[in-house]
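Peer 1: data_23.txt is the file, holding compact mmCIF, C-alpha atoms:
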# COMPACT_ATOMS: atom_id res chain seq x y z
CA MET A 6 -112.44 -165.42 51.53
CA ALA A 7 -111.53 -166.52 55.06
CA SER A 8 -109.58 -169.74 55.01
CA ASN A 9 -110.87 -172.75 56.89
CA LYS A 10 -109.24 -172.76 60.27
CA GLU A 11 -107.99 -175.99 61.74
CA VAL A 12 -110.22 -176.95 64.65
CA LYS A 13 -108.05 -177.52 67.70
CA LYS A 14 -109.09 -179.66 70.63
CA PRO A 15 -109.66 -177.39 73.62
CA VAL A 16 -107.22 -177.77 76.51
CA VAL A 17 -108.88 -178.77 79.77
CA TYR A 18 -107.53 -179.83 83.16
CA SER A 19 -108.65 -182.69 85.40
CA ALA A 20 -109.11 -182.11 89.14
CA LEU A 21 -105.78 -183.90 89.72
CA GLU A 22 -104.00 -181.57 87.25
CA VAL A 23 -105.62 -178.55 88.93
CA ALA A 24 -104.40 -179.83 92.29
CA LYS A 25 -100.81 -180.20 90.98
CA ILE A 26 -100.85 -176.71 89.41
CA CYS A 27 -102.16 -175.16 92.65
CA GLY A 28 -99.93 -177.24 94.93
CA VAL A 29 -102.76 -178.91 96.84
CA VAL A 30 -104.10 -182.46 97.23
CA ASN A 31 -106.64 -183.81 94.76
CA GLN A 32 -109.52 -183.69 97.27
CA THR A 33 -108.99 -179.95 97.84
CA ALA A 34 -109.40 -179.28 94.11
CA ILE A 35 -112.55 -181.43 94.05
CA ASN A 36 -113.92 -179.51 97.06
CA TRP A 37 -113.28 -176.18 95.29
CA ILE A 38 -115.29 -177.44 92.33
CA LYS A 39 -118.12 -178.96 94.41
CA ASN A 40 -118.45 -175.74 96.44
CA ASN A 41 -118.61 -173.68 93.20
CA TYR A 42 -115.41 -171.77 93.97
CA LEU A 43 -113.87 -173.11 90.79
CA LYS A 44 -115.96 -173.32 87.62
CA ALA A 45 -115.89 -176.79 86.02
CA PHE A 46 -117.96 -179.17 83.93
CA LYS A 47 -118.49 -182.94 84.10
CA THR A 48 -117.52 -185.40 81.38
CA PRO A 49 -120.04 -188.11 80.38
CA GLY A 50 -117.99 -190.39 82.68
CA GLY A 51 -118.59 -188.08 85.65
CA GLN A 52 -115.07 -186.59 85.84
CA PHE A 53 -114.53 -182.89 86.52
CA ARG A 54 -112.79 -180.80 83.86
CA VAL A 55 -111.65 -177.17 84.12
CA TYR A 56 -110.92 -174.72 81.29
CA PRO A 57 -107.62 -172.79 81.58
CA GLU A 58 -109.32 -169.36 81.65
CA ASP A 59 -111.54 -170.47 84.58
CA LEU A 60 -108.51 -171.79 86.47
CA VAL A 61 -106.60 -168.54 85.83
CA GLU A 62 -109.54 -166.45 87.09
CA PHE A 63 -109.78 -168.64 90.23
CA MET A 64 -106.03 -168.43 90.92
CA LYS A 65 -105.82 -164.65 90.35
CA LYS A 66 -108.72 -164.01 92.75
CA ARG A 67 -106.73 -165.86 95.41
CA ASP A 68 -103.39 -164.19 94.60
CA MET A 69 -101.88 -167.48 93.47
CA ARG A 70 -99.04 -167.43 90.93
CA VAL A 71 -100.31 -168.66 87.56
CA PRO A 72 -97.77 -170.81 85.68
CA GLU A 73 -96.80 -169.74 82.14
CA GLU A 74 -97.96 -173.07 80.67
CA VAL A 75 -101.50 -172.33 81.92
CA LEU A 76 -101.47 -168.68 80.81
CA LYS A 77 -100.40 -169.52 77.26
CA TYR A 78 -103.74 -171.26 76.64
CA CYS A 79 -105.63 -168.10 77.63
CA ILE A 80 -103.85 -165.58 75.42
CA LYS A 81 -105.71 -164.92 72.19
CA LYS A 82 -103.51 -164.15 69.22
CA LYS A 83 -103.84 -160.52 68.15
CA ILE A 84 -105.50 -160.02 64.78
CA SER A 85 -104.63 -156.95 62.72
CA LEU A 86 -107.49 -154.99 61.18
CA LEU A 87 -107.22 -151.95 58.93
CA ILE A 88 -110.14 -149.53 58.50
CA VAL A 89 -109.93 -147.49 55.28
CA ASP A 90 -112.49 -144.68 55.08
CA ASP A 91 -112.03 -140.96 54.35
CA ASP A 92 -115.01 -140.13 56.60
CA VAL A 93 -112.95 -139.42 59.74
CA SER A 94 -115.86 -139.52 62.19
CA LEU A 95 -117.18 -142.85 60.80
CA ASN A 96 -113.66 -144.31 60.76
CA ASN A 97 -113.19 -143.33 64.43
CA VAL A 98 -116.66 -144.57 65.46
CA VAL A 99 -116.04 -147.97 63.80
CA LYS A 100 -112.64 -148.24 65.51
CA LYS A 101 -114.05 -147.38 68.95
CA PHE A 102 -117.02 -149.72 68.55
CA LEU A 103 -114.92 -152.72 67.42
CA ALA A 104 -112.25 -152.10 70.08
CA GLY A 105 -114.97 -152.15 72.74
CA ARG A 106 -116.49 -155.39 71.48
CA ILE A 107 -113.57 -157.57 70.28
CA GLU A 108 -110.58 -157.83 72.56
CA ASN A 109 -107.99 -159.53 70.34
CA LEU A 110 -107.93 -156.88 67.59
CA GLU A 111 -105.08 -154.54 66.73
CA ILE A 112 -106.90 -151.77 64.88
CA TYR A 113 -105.21 -149.42 62.40
CA GLN A 114 -106.76 -146.58 60.39
CA ALA A 115 -106.20 -145.03 56.98
CA PHE A 116 -108.12 -142.01 55.67
CA ASP A 117 -107.08 -142.04 52.00
CA GLY A 118 -105.88 -144.44 49.32
CA PHE A 119 -102.21 -143.46 49.64
CA GLU A 120 -102.15 -144.07 53.40
CA ALA A 121 -104.11 -147.31 52.90
CA GLY A 122 -101.55 -148.59 50.38
CA ALA A 123 -98.62 -147.81 52.69
CA LEU A 124 -100.29 -149.51 55.68
CA MET A 125 -101.37 -152.54 53.62
CA GLU A 126 -97.74 -152.96 52.51
CA LYS A 127 -96.42 -152.60 56.06
CA LEU A 128 -99.05 -154.54 58.04
CA LYS A 129 -100.45 -157.21 55.67
CA PRO A 130 -103.61 -157.08 57.86
CA SER A 131 -105.77 -160.13 58.51
CA ILE A 132 -108.94 -158.08 57.98
CA LEU A 133 -109.53 -155.01 55.80
CA ILE A 134 -112.64 -152.82 56.13
CA LEU A 135 -112.65 -150.87 52.89
CA ASP A 136 -114.81 -147.93 51.83
CA LEU A 137 -115.13 -148.11 48.04
CA GLY A 138 -115.83 -144.37 47.74
CA LEU A 139 -112.38 -142.99 48.57
CA PRO A 140 -111.56 -139.70 46.81
CA GLY A 141 -109.28 -140.14 43.82
CA VAL A 142 -109.29 -143.94 44.16
CA ASP A 143 -111.36 -146.43 42.20
CA GLY A 144 -112.51 -148.86 44.89
CA LEU A 145 -113.01 -151.74 42.46
CA LYS A 146 -109.55 -151.23 40.93
CA LEU A 147 -108.07 -151.26 44.41
CA LEU A 148 -109.93 -154.49 45.18
CA GLU A 149 -108.69 -156.05 41.93
CA LYS A 150 -105.13 -155.02 42.77
CA LEU A 151 -105.35 -156.54 46.25
CA ARG A 152 -106.91 -159.75 44.99
CA SER A 153 -104.32 -160.18 42.22
CA SER A 154 -101.47 -159.94 44.75
CA GLU A 155 -100.23 -163.06 46.53
CA GLU A 156 -99.16 -160.81 49.43
CA TYR A 157 -102.77 -160.15 50.42
CA SER A 158 -104.27 -163.56 49.67
CA ASN A 159 -104.89 -164.14 53.39
CA THR A 160 -106.55 -160.75 53.97
CA THR A 161 -110.31 -160.98 54.45
CA ILE A 162 -112.01 -157.94 52.93
CA ILE A 163 -115.22 -156.32 54.16
CA VAL A 164 -116.58 -153.59 51.89
CA ILE A 165 -118.58 -150.59 53.07
CA THR A 166 -120.21 -148.41 50.44
CA ALA A 167 -122.85 -145.76 49.91
CA SER A 168 -123.45 -147.10 46.38
CA MET A 169 -126.70 -148.90 45.63
CA ASP A 170 -125.28 -150.25 42.34
CA GLU A 171 -126.08 -153.99 42.32
CA GLU A 172 -123.60 -154.54 39.48
CA MET A 173 -120.82 -153.21 41.70
CA ASP A 174 -121.91 -155.60 44.46
CA VAL A 175 -121.69 -158.53 42.03
CA LYS A 176 -118.17 -157.45 41.00
CA CYS A 177 -117.17 -157.24 44.67
CA TRP A 178 -118.50 -160.73 45.38
CA LYS A 179 -116.61 -162.05 42.34
CA LEU A 180 -113.43 -160.48 43.76
CA GLY A 181 -113.92 -162.53 46.91
CA VAL A 182 -115.05 -159.99 49.49
CA ALA A 183 -116.43 -161.57 52.67
CA LYS A 184 -119.21 -159.05 53.37
CA ILE A 185 -120.71 -155.88 51.89
CA PHE A 186 -122.30 -153.26 54.16
CA LYS A 187 -124.31 -150.32 52.88
CA LYS A 188 -124.00 -146.90 54.50
CA PRO A 189 -125.28 -146.01 57.05
CA VAL A 190 -123.46 -149.04 58.45
CA SER A 191 -125.02 -151.09 61.25
CA LEU A 192 -122.18 -151.22 63.79
CA PRO A 193 -123.49 -154.32 65.64
CA GLN A 194 -123.75 -156.22 62.32
CA LEU A 195 -120.28 -155.07 61.26
CA SER A 196 -118.88 -156.12 64.65
CA GLU A 197 -120.56 -159.51 64.33
CA ALA A 198 -118.98 -160.04 60.89
CA VAL A 199 -115.52 -159.07 62.16
CA GLU A 200 -115.89 -161.31 65.22
CA GLU A 201 -116.88 -164.23 62.98
CA ILE A 202 -113.80 -163.70 60.77
CA ALA A 203 -111.47 -163.14 63.74
CA GLY A 204 -112.70 -166.37 65.27
Please render this file's structure as structure tokens.

Peer 2:
Amino acid sequence: MASNKEVKKPVVYSALEVAKICGVVNQTAINWIKNNYLKAFKTPGGQFRVYPEDLVEFMKKRDMRVPEEVLKYCIKKKISLLIVDDDVSLNNVVKKFLAGRIENLEIYQAFDGFEAGALMEKLKPSILILDLGLPGVDGLKLLEKLRSSEEYSNTTIIVITASMDEEMDVKCWKLGVAKIFKKPVSLPQLSEAVEEIAG
């Protein structure tokens, strides 16, 4: 299961902080905001606040140098995801679809159990999309193995399967999978699930 993430207070800048970062007087920053050049919101007390990504976008449009301390709040940590499915075309379609929808993913692919095992060992991915019907591999046994290993305790597992066996679904849920998708897989729903886990 996905662990509860600590909720961090979002970083925002006041008009005065924006002015200091951009090397202008406070009133200039306020004018930018009032004229809708710089996206901002108002606090209940009526003060302007600017999100780092909006400030970066504003500065880049005007060829201003963006300080590292501002940029660091805009960089999303990369999340590793491994797709394990022997159906090459489906594996590639899933990869392409997710890559086009979720920007902070590092996507890897495995097409058989052996390759999957080697990549799991090497990557310790945050998210695993696992087809239970791999040739020569018992999907449930693989799940049990992953779940009994401390190494993969932080890996969130999404199962995709062509099986309509409800008993198998129950076993998967008991092994702590986050989601189960039946083939043919709905790519938008799969993407939504991955996005939710990736945060």

Peer 1: Please identify all polymer residues within 12 Å of stretch 29-33 of chain A, counting all atoms listed in the file, omitting same-chain residues fewer than 4 positions from it, and present them as a PDB file with C-alpha atoms, keeping the file's coordinate frame.

Peer 2:
ATOM      1  CA  SER A  19    -108.650-182.690  85.400  1.00  0.00           C
ATOM      2  CA  ALA A  20    -109.110-182.110  89.140  1.00  0.00           C
ATOM      3  CA  LEU A  21    -105.780-183.900  89.720  1.00  0.00           C
ATOM      4  CA  GLU A  22    -104.000-181.570  87.250  1.00  0.00           C
ATOM      5  CA  VAL A  23    -105.620-178.550  88.930  1.00  0.00           C
ATOM      6  CA  ALA A  24    -104.400-179.830  92.290  1.00  0.00           C
ATOM      7  CA  LYS A  25    -100.810-180.200  90.980  1.00  0.00           C
ATOM      8  CA  TRP A  37    -113.280-176.180  95.290  1.00  0.00           C
ATOM      9  CA  ILE A  38    -115.290-177.440  92.330  1.00  0.00           C
ATOM     10  CA  LYS A  39    -118.120-178.960  94.410  1.00  0.00           C
ATOM     11  CA  ASN A  40    -118.450-175.740  96.440  1.00  0.00           C
ATOM     12  CA  TYR A  42    -115.410-171.770  93.970  1.00  0.00           C
ATOM     13  CA  LEU A  43    -113.870-173.110  90.790  1.00  0.00           C
ATOM     14  CA  PHE A  53    -114.530-182.890  86.520  1.00  0.00           C
ATOM     15  CA  MET A  69    -101.880-167.480  93.470  1.00  0.00           C
TER      16      MET A  69
END

Peer 1: Find the spatial neighbours of stretch 142-147 of chain A, counting all atoms listed in the file, within a cut-off of 10 Å - ignore same-chain residues fewer than 6 positions away - and output them as a count of residues only.

Peer 2: 14

Peer 1: Please indicate the distance in Å from atom CA of A:Leu124 to atom CA of A:Glu156, rounded to one decimal place.

Peer 2: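 Distance between the two atoms: 13.0 Å.
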
Peer 1: Please, which residues in stretch 125-174 of chain A fall within 6 Å of stretch 79-101 of chain A when counting all atoms listed in the file, and what is the closest atom pair and distance in Å to one decimal for each, ordered by chain then residue number, as a tab-separated table?

Peer 2:
residue	atom	partner	partner_atom	distance
A:Pro130	CA	A:Ser85	CA	5.0
A:Ser131	CA	A:Ser85	CA	5.4
A:Ile132	CA	A:Leu86	CA	4.7
A:Leu133	CA	A:Leu87	CA	4.9
A:Ile134	CA	A:Ile88	CA	4.8
A:Leu135	CA	A:Val89	CA	5.0
A:Asp136	CA	A:Asp90	CA	5.1

Peer 1: How many Å lie between atom CA of A:Glu171 and atom CA of A:Pro193, rounded to one decimal?

Peer 2: 23.5 Å

Peer 1: Measuring atom to atom with all atoms listed in the file, identify which of A:Thr160, A:Tyr18, A:Val75, A:Ile185 is nearest to A:Ile202.

Peer 2: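 Checking each candidate against A:Ile202, we get A:Thr160 as the closest.
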
Peer 1: Interatomic distance between atom CA of A:Val175 and atom CA of A:Lys188?

Peer 2: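 Result for atom CA of A:Val175 versus atom CA of A:Lys188: 17.2 Å, one decimal.
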
Peer 1: Would you please work out which residue, of A:Leu148, A:Leu137, A:Val182, A:Leu76, is nearest to A:Ser168 when using all atoms listed in the file?

Peer 2: A:Leu137

Peer 1: Counting all atoms listed in the file, figure out which residue out of A:Ala34, A:Pro72, A:Lys44, A:Ala183 gets nearest to A:Asp59.

Peer 2: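 That would be A:Lys44, the residue with the smallest distance to A:Asp59.
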
Peer 1: Could I get stretch 85-96 of chain A rebuilt with all heavy atoms, written as a PDB file, in the coordinates of the input?

Peer 2:
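File rebuild37.pdb, as written:
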ATOM      1  N   SER A  85    -104.735-158.320  63.220  1.00  0.00           N
ATOM      2  CA  SER A  85    -104.630-156.950  62.720  1.00  0.00           C
ATOM      3  C   SER A  85    -105.799-156.630  61.783  1.00  0.00           C
ATOM      4  O   SER A  85    -106.179-157.431  60.934  1.00  0.00           O
ATOM      5  CB  SER A  85    -103.303-156.752  61.985  1.00  0.00           C
ATOM      6  OG  SER A  85    -103.167-157.696  60.953  1.00  0.00           O
ATOM      7  N   LEU A  86    -106.360-155.442  61.983  1.00  0.00           N
ATOM      8  CA  LEU A  86    -107.490-154.990  61.180  1.00  0.00           C
ATOM      9  C   LEU A  86    -107.216-153.549  60.742  1.00  0.00           C
ATOM     10  O   LEU A  86    -106.798-152.723  61.547  1.00  0.00           O
ATOM     11  CB  LEU A  86    -108.773-155.063  62.020  1.00  0.00           C
ATOM     12  CG  LEU A  86    -110.054-154.561  61.350  1.00  0.00           C
ATOM     13  CD1 LEU A  86    -111.235-155.426  61.759  1.00  0.00           C
ATOM     14  CD2 LEU A  86    -110.352-153.115  61.696  1.00  0.00           C
ATOM     15  N   LEU A  87    -107.417-153.295  59.465  1.00  0.00           N
ATOM     16  CA  LEU A  87    -107.220-151.950  58.930  1.00  0.00           C
ATOM     17  C   LEU A  87    -108.556-151.398  58.438  1.00  0.00           C
ATOM     18  O   LEU A  87    -109.255-152.037  57.648  1.00  0.00           O
ATOM     19  CB  LEU A  87    -106.209-151.988  57.767  1.00  0.00           C
ATOM     20  CG  LEU A  87    -105.962-150.674  57.014  1.00  0.00           C
ATOM     21  CD1 LEU A  87    -105.415-149.588  57.929  1.00  0.00           C
ATOM     22  CD2 LEU A  87    -105.015-150.905  55.840  1.00  0.00           C
ATOM     23  N   ILE A  88    -108.916-150.217  58.943  1.00  0.00           N
ATOM     24  CA  ILE A  88    -110.140-149.530  58.500  1.00  0.00           C
ATOM     25  C   ILE A  88    -109.720-148.440  57.519  1.00  0.00           C
ATOM     26  O   ILE A  88    -108.914-147.571  57.861  1.00  0.00           O
ATOM     27  CB  ILE A  88    -110.891-148.878  59.680  1.00  0.00           C
ATOM     28  CG1 ILE A  88    -111.217-149.912  60.761  1.00  0.00           C
ATOM     29  CG2 ILE A  88    -112.173-148.194  59.188  1.00  0.00           C
ATOM     30  CD1 ILE A  88    -111.630-149.285  62.102  1.00  0.00           C
ATOM     31  N   VAL A  89    -110.246-148.498  56.298  1.00  0.00           N
ATOM     32  CA  VAL A  89    -109.930-147.490  55.280  1.00  0.00           C
ATOM     33  C   VAL A  89    -111.216-146.757  54.909  1.00  0.00           C
ATOM     34  O   VAL A  89    -112.104-147.315  54.257  1.00  0.00           O
ATOM     35  CB  VAL A  89    -109.308-148.140  54.018  1.00  0.00           C
ATOM     36  CG1 VAL A  89    -108.945-147.055  53.009  1.00  0.00           C
ATOM     37  CG2 VAL A  89    -108.083-148.971  54.372  1.00  0.00           C
ATOM     38  N   ASP A  90    -111.320-145.503  55.382  1.00  0.00           N
ATOM     39  CA  ASP A  90    -112.490-144.680  55.080  1.00  0.00           C
ATOM     40  C   ASP A  90    -112.091-143.218  55.259  1.00  0.00           C
ATOM     41  O   ASP A  90    -111.500-142.857  56.280  1.00  0.00           O
ATOM     42  CB  ASP A  90    -113.656-145.029  56.013  1.00  0.00           C
ATOM     43  CG  ASP A  90    -114.995-144.519  55.487  1.00  0.00           C
ATOM     44  OD1 ASP A  90    -115.042-143.372  54.986  1.00  0.00           O
ATOM     45  OD2 ASP A  90    -115.995-145.261  55.576  1.00  0.00           O
ATOM     46  N   ASP A  91    -112.412-142.372  54.272  1.00  0.00           N
ATOM     47  CA  ASP A  91    -112.030-140.960  54.350  1.00  0.00           C
ATOM     48  C   ASP A  91    -112.964-140.163  55.269  1.00  0.00           C
ATOM     49  O   ASP A  91    -112.663-139.032  55.640  1.00  0.00           O
ATOM     50  CB  ASP A  91    -112.001-140.331  52.953  1.00  0.00           C
ATOM     51  CG  ASP A  91    -113.377-140.336  52.293  1.00  0.00           C
ATOM     52  OD1 ASP A  91    -113.996-141.417  52.236  1.00  0.00           O
ATOM     53  OD2 ASP A  91    -113.826-139.278  51.831  1.00  0.00           O
ATOM     54  N   ASP A  92    -114.105-140.765  55.657  1.00  0.00           N
ATOM     55  CA  ASP A  92    -115.010-140.130  56.600  1.00  0.00           C
ATOM     56  C   ASP A  92    -114.407-140.337  58.001  1.00  0.00           C
ATOM     57  O   ASP A  92    -114.551-141.406  58.605  1.00  0.00           O
ATOM     58  CB  ASP A  92    -116.399-140.777  56.495  1.00  0.00           C
ATOM     59  CG  ASP A  92    -117.426-140.161  57.446  1.00  0.00           C
ATOM     60  OD1 ASP A  92    -117.014-139.590  58.482  1.00  0.00           O
ATOM     61  OD2 ASP A  92    -118.622-140.278  57.169  1.00  0.00           O
ATOM     62  N   VAL A  93    -113.709-139.311  58.490  1.00  0.00           N
ATOM     63  CA  VAL A  93    -112.950-139.420  59.740  1.00  0.00           C
ATOM     64  C   VAL A  93    -113.822-139.832  60.919  1.00  0.00           C
ATOM     65  O   VAL A  93    -113.458-140.708  61.701  1.00  0.00           O
ATOM     66  CB  VAL A  93    -112.206-138.090  60.053  1.00  0.00           C
ATOM     67  CG1 VAL A  93    -111.485-138.163  61.391  1.00  0.00           C
ATOM     68  CG2 VAL A  93    -111.213-137.766  58.947  1.00  0.00           C
ATOM     69  N   SER A  94    -115.008-139.207  61.039  1.00  0.00           N
ATOM     70  CA  SER A  94    -115.860-139.520  62.190  1.00  0.00           C
ATOM     71  C   SER A  94    -116.351-140.972  62.130  1.00  0.00           C
ATOM     72  O   SER A  94    -116.348-141.666  63.148  1.00  0.00           O
ATOM     73  CB  SER A  94    -117.038-138.554  62.289  1.00  0.00           C
ATOM     74  OG  SER A  94    -117.802-138.575  61.113  1.00  0.00           O
ATOM     75  N   LEU A  95    -116.735-141.461  60.929  1.00  0.00           N
ATOM     76  CA  LEU A  95    -117.180-142.850  60.800  1.00  0.00           C
ATOM     77  C   LEU A  95    -116.020-143.811  61.091  1.00  0.00           C
ATOM     78  O   LEU A  95    -116.177-144.788  61.814  1.00  0.00           O
ATOM     79  CB  LEU A  95    -117.749-143.128  59.402  1.00  0.00           C
ATOM     80  CG  LEU A  95    -118.162-144.580  59.135  1.00  0.00           C
ATOM     81  CD1 LEU A  95    -119.279-145.030  60.083  1.00  0.00           C
ATOM     82  CD2 LEU A  95    -118.592-144.776  57.688  1.00  0.00           C
ATOM     83  N   ASN A  96    -114.852-143.489  60.547  1.00  0.00           N
ATOM     84  CA  ASN A  96    -113.660-144.310  60.760  1.00  0.00           C
ATOM     85  C   ASN A  96    -113.394-144.455  62.264  1.00  0.00           C
ATOM     86  O   ASN A  96    -113.176-145.559  62.774  1.00  0.00           O
ATOM     87  CB  ASN A  96    -112.470-143.678  60.043  1.00  0.00           C
ATOM     88  CG  ASN A  96    -111.308-144.630  59.822  1.00  0.00           C
ATOM     89  OD1 ASN A  96    -110.988-145.436  60.685  1.00  0.00           O
ATOM     90  ND2 ASN A  96    -110.668-144.530  58.677  1.00  0.00           N
TER      91      ASN A  96
END
